[in-house]
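Chemist: Let me give you the structure first, and then I'll get to my questions.
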Amino acid sequence: MNKENNNFLAKGFFAQNQAKTLYIMEHSSEAKKLEGKGYDALRLKGMGFTAFALKNLGFQASDLMLAGYNVRQLKEAGFNAADLKQAGFSIFAIKSAGFTAIEAEKAGFSQKELSSVFKKTAV
């Protein structure tokens with residue numbers, strides 16, 4: 001990939017993150033007001049709030065899991081493997097979301113759990 005393509009991809013990445021940040025800034029006060037009125041993650045999700053927006057408003061992975069966000073959505077929102085394990089996701093779900101064996105190990109999964117899901121490959 002040439003330098004021009006790398007710059008284009010980098011600009012696209014940053015533009016996407018800026019758009020997410022802008023969305024959160026525009027809607028955070030609305031969501032905070034609604035949360036203060038008893039709106040939980042499930043109701044906010046139903047109103048169109050993303051896992052990324054709700055995470056940045058302070059919701060935990062367990063709140064978002066109960067609201068129906070899946071493990072991939074939570075990973076994309078910025079939760080790590082330890083957050084997802086604590087929320088109750090299995091090691092199978094953690095792997096399916098794209099986390100590595102090292103990330104799963106750091107999250108606190110046992111060697112038995114790791115070896116049952118992450119197969120060693122010969123080098």
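Residues in the structure tokens are named by chain (A, B, ... in the order shown) and by number from 1 within that chain; ligands are numbered from 1 in the order shown.
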I want to know what sits within 8 Å of range 90-103 of chain A, based on only C-alpha atoms, with residues of the same chain fewer than 6 positions away left out; could you give that as a PDB file with N, CA and C atoms, in the first residue's frame?
Modeler:
ATOM      1  N   VAL A  71     -21.543  -9.312  21.902  1.00  0.00           N
ATOM      2  CA  VAL A  71     -20.142  -9.222  22.307  1.00  0.00           C
ATOM      3  C   VAL A  71     -19.299  -8.429  21.297  1.00  0.00           C
ATOM      4  N   ARG A  72     -19.590  -8.574  20.014  1.00  0.00           N
ATOM      5  CA  ARG A  72     -18.845  -7.814  18.996  1.00  0.00           C
ATOM      6  C   ARG A  72     -19.125  -6.314  19.108  1.00  0.00           C
ATOM      7  N   LYS A  75     -17.199  -5.016  22.038  1.00  0.00           N
ATOM      8  CA  LYS A  75     -15.770  -4.882  21.735  1.00  0.00           C
ATOM      9  C   LYS A  75     -15.538  -3.633  20.886  1.00  0.00           C
ATOM     10  N   ALA A  81     -11.520  -7.519  27.031  1.00  0.00           N
ATOM     11  CA  ALA A  81     -11.928  -8.887  27.354  1.00  0.00           C
ATOM     12  C   ALA A  81     -12.281  -9.037  28.829  1.00  0.00           C
ATOM     13  N   LEU A  84     -15.755  -7.779  29.461  1.00  0.00           N
ATOM     14  CA  LEU A  84     -16.766  -8.690  28.917  1.00  0.00           C
ATOM     15  C   LEU A  84     -16.878  -9.961  29.738  1.00  0.00           C
ATOM     16  N   PHE A 109      -9.273 -15.772  32.352  1.00  0.00           N
ATOM     17  CA  PHE A 109      -9.723 -17.125  32.033  1.00  0.00           C
ATOM     18  C   PHE A 109      -8.627 -18.124  32.402  1.00  0.00           C
ATOM     19  N   GLU A 113      -9.680 -23.345  30.337  1.00  0.00           N
ATOM     20  CA  GLU A 113     -10.615 -22.662  29.437  1.00  0.00           C
ATOM     21  C   GLU A 113      -9.909 -22.211  28.166  1.00  0.00           C
ATOM     22  N   LEU A 114      -8.725 -21.651  28.338  1.00  0.00           N
ATOM     23  CA  LEU A 114      -7.958 -21.170  27.182  1.00  0.00           C
ATOM     24  C   LEU A 114      -7.635 -22.300  26.221  1.00  0.00           C
ATOM     25  N   VAL A 117     -10.435 -23.593  23.928  1.00  0.00           N
ATOM     26  CA  VAL A 117     -10.949 -22.700  22.894  1.00  0.00           C
ATOM     27  C   VAL A 117      -9.866 -22.274  21.906  1.00  0.00           C
ATOM     28  N   PHE A 118      -8.704 -21.965  22.428  1.00  0.00           N
ATOM     29  CA  PHE A 118      -7.599 -21.505  21.584  1.00  0.00           C
ATOM     30  C   PHE A 118      -6.641 -22.675  21.372  1.00  0.00           C
TER      31      PHE A 118
END
Chemist: Nearest to Gly88 in chain A: which of A:Tyr39, A:Glu76, A:Gln60, A:Ala53 is it, counting only C-alpha atoms?
Modeler: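 Once distances to Gly88 in chain A are computed over only C-alpha atoms, the minimum belongs to A:Gln60.
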Chemist: Separation of CA of Lys119 in chain A and CA of Gly78 in chain A, in Å?
Modeler: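 So the answer is 25.8 Å.
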Chemist: Using Å and a single decimal, report how far CA of Leu57 in chain A sits from CA of Glu105 in chain A.
Modeler: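 A separation of 28.0 Å between them.
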Chemist: Choose the residue, out of A:Ala67, A:Lys85, A:Ala61, A:Ser116, that has the smallest atom-to-atom separation from Leu44 in chain A; count only C-alpha atoms.
Modeler: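 The answer is A:Ala67, which sits nearest to Leu44 in chain A.
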Chemist: What does the distance from CA of Gly68 in chain A to CA of Lys112 in chain A come to in Å, to one decimal?
Modeler: 28.8 Å
Chemist: Closest to Tyr69 in chain A among A:Asn56, A:Leu42, A:Gln86, A:Gly108, using only C-alpha atoms?
Modeler: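 Among the listed residues, A:Leu42 lies closest to Tyr69 in chain A.
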Chemist: Please provide as a list in words all residues within 9 Å of Leu54 in chain A, with the sequence filter that same-chain residues fewer than 3 positions apart are discarded (counting only C-alpha atoms).
Modeler: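 Non-adjacent residues within range: Ile24, Ser28, Ala31, Ala41, Leu44, Lys45, Phe49, Thr50, Ala51, Leu57, Gly58, Phe59, Gln60, Leu64 and Ala77 of chain A.
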Chemist: When DSSP works through the backbone of this structure, what residues of range 53-115 of chain A end up as alpha helix (DSSP H), shown as a tab-separated table (two decimals) with C-alpha atoms, in the first residue's frame?
Modeler:
chain	number	residue	atom	x	y	z
A	53	ALA	CA	-22.37	6.15	22.98
A	54	LEU	CA	-23.74	4.40	26.07
A	55	LYS	CA	-20.28	3.21	27.14
A	56	ASN	CA	-19.03	6.76	26.93
A	61	ALA	CA	-20.65	-3.89	29.76
A	62	SER	CA	-23.15	-5.84	31.89
A	63	ASP	CA	-25.76	-3.09	31.44
A	64	LEU	CA	-25.30	-3.16	27.68
A	65	MET	CA	-25.29	-6.96	27.53
A	66	LEU	CA	-28.65	-7.01	29.34
A	71	VAL	CA	-20.14	-9.22	22.31
A	72	ARG	CA	-18.85	-7.81	19.00
A	73	GLN	CA	-20.74	-4.56	19.48
A	74	LEU	CA	-19.29	-4.22	22.97
A	75	LYS	CA	-15.77	-4.88	21.73
A	76	GLU	CA	-16.23	-2.27	19.01
A	77	ALA	CA	-17.53	0.14	21.68
A	81	ALA	CA	-11.93	-8.89	27.35
A	82	ALA	CA	-11.86	-8.44	31.15
A	83	ASP	CA	-14.90	-6.13	31.01
A	84	LEU	CA	-16.77	-8.69	28.92
A	85	LYS	CA	-15.78	-11.61	31.15
A	86	GLN	CA	-16.98	-9.67	34.18
A	87	ALA	CA	-20.26	-8.97	32.36
A	91	ILE	CA	-14.63	-17.55	26.62
A	92	PHE	CA	-16.27	-18.79	23.42
A	93	ALA	CA	-18.00	-15.42	22.97
A	94	ILE	CA	-14.77	-13.58	23.80
A	95	LYS	CA	-12.94	-15.52	21.09
A	96	SER	CA	-15.75	-15.07	18.56
A	101	ALA	CA	-5.66	-15.93	23.73
A	102	ILE	CA	-3.34	-13.42	25.42
A	103	GLU	CA	-6.20	-10.95	25.92
A	104	ALA	CA	-8.41	-13.75	27.28
A	105	GLU	CA	-5.65	-14.88	29.64
A	106	LYS	CA	-5.19	-11.31	30.91
A	111	GLN	CA	-5.52	-22.32	31.31
A	112	LYS	CA	-8.11	-25.10	30.96
A	113	GLU	CA	-10.62	-22.66	29.44
A	114	LEU	CA	-7.96	-21.17	27.18
A	115	SER	CA	-6.75	-24.54	25.90
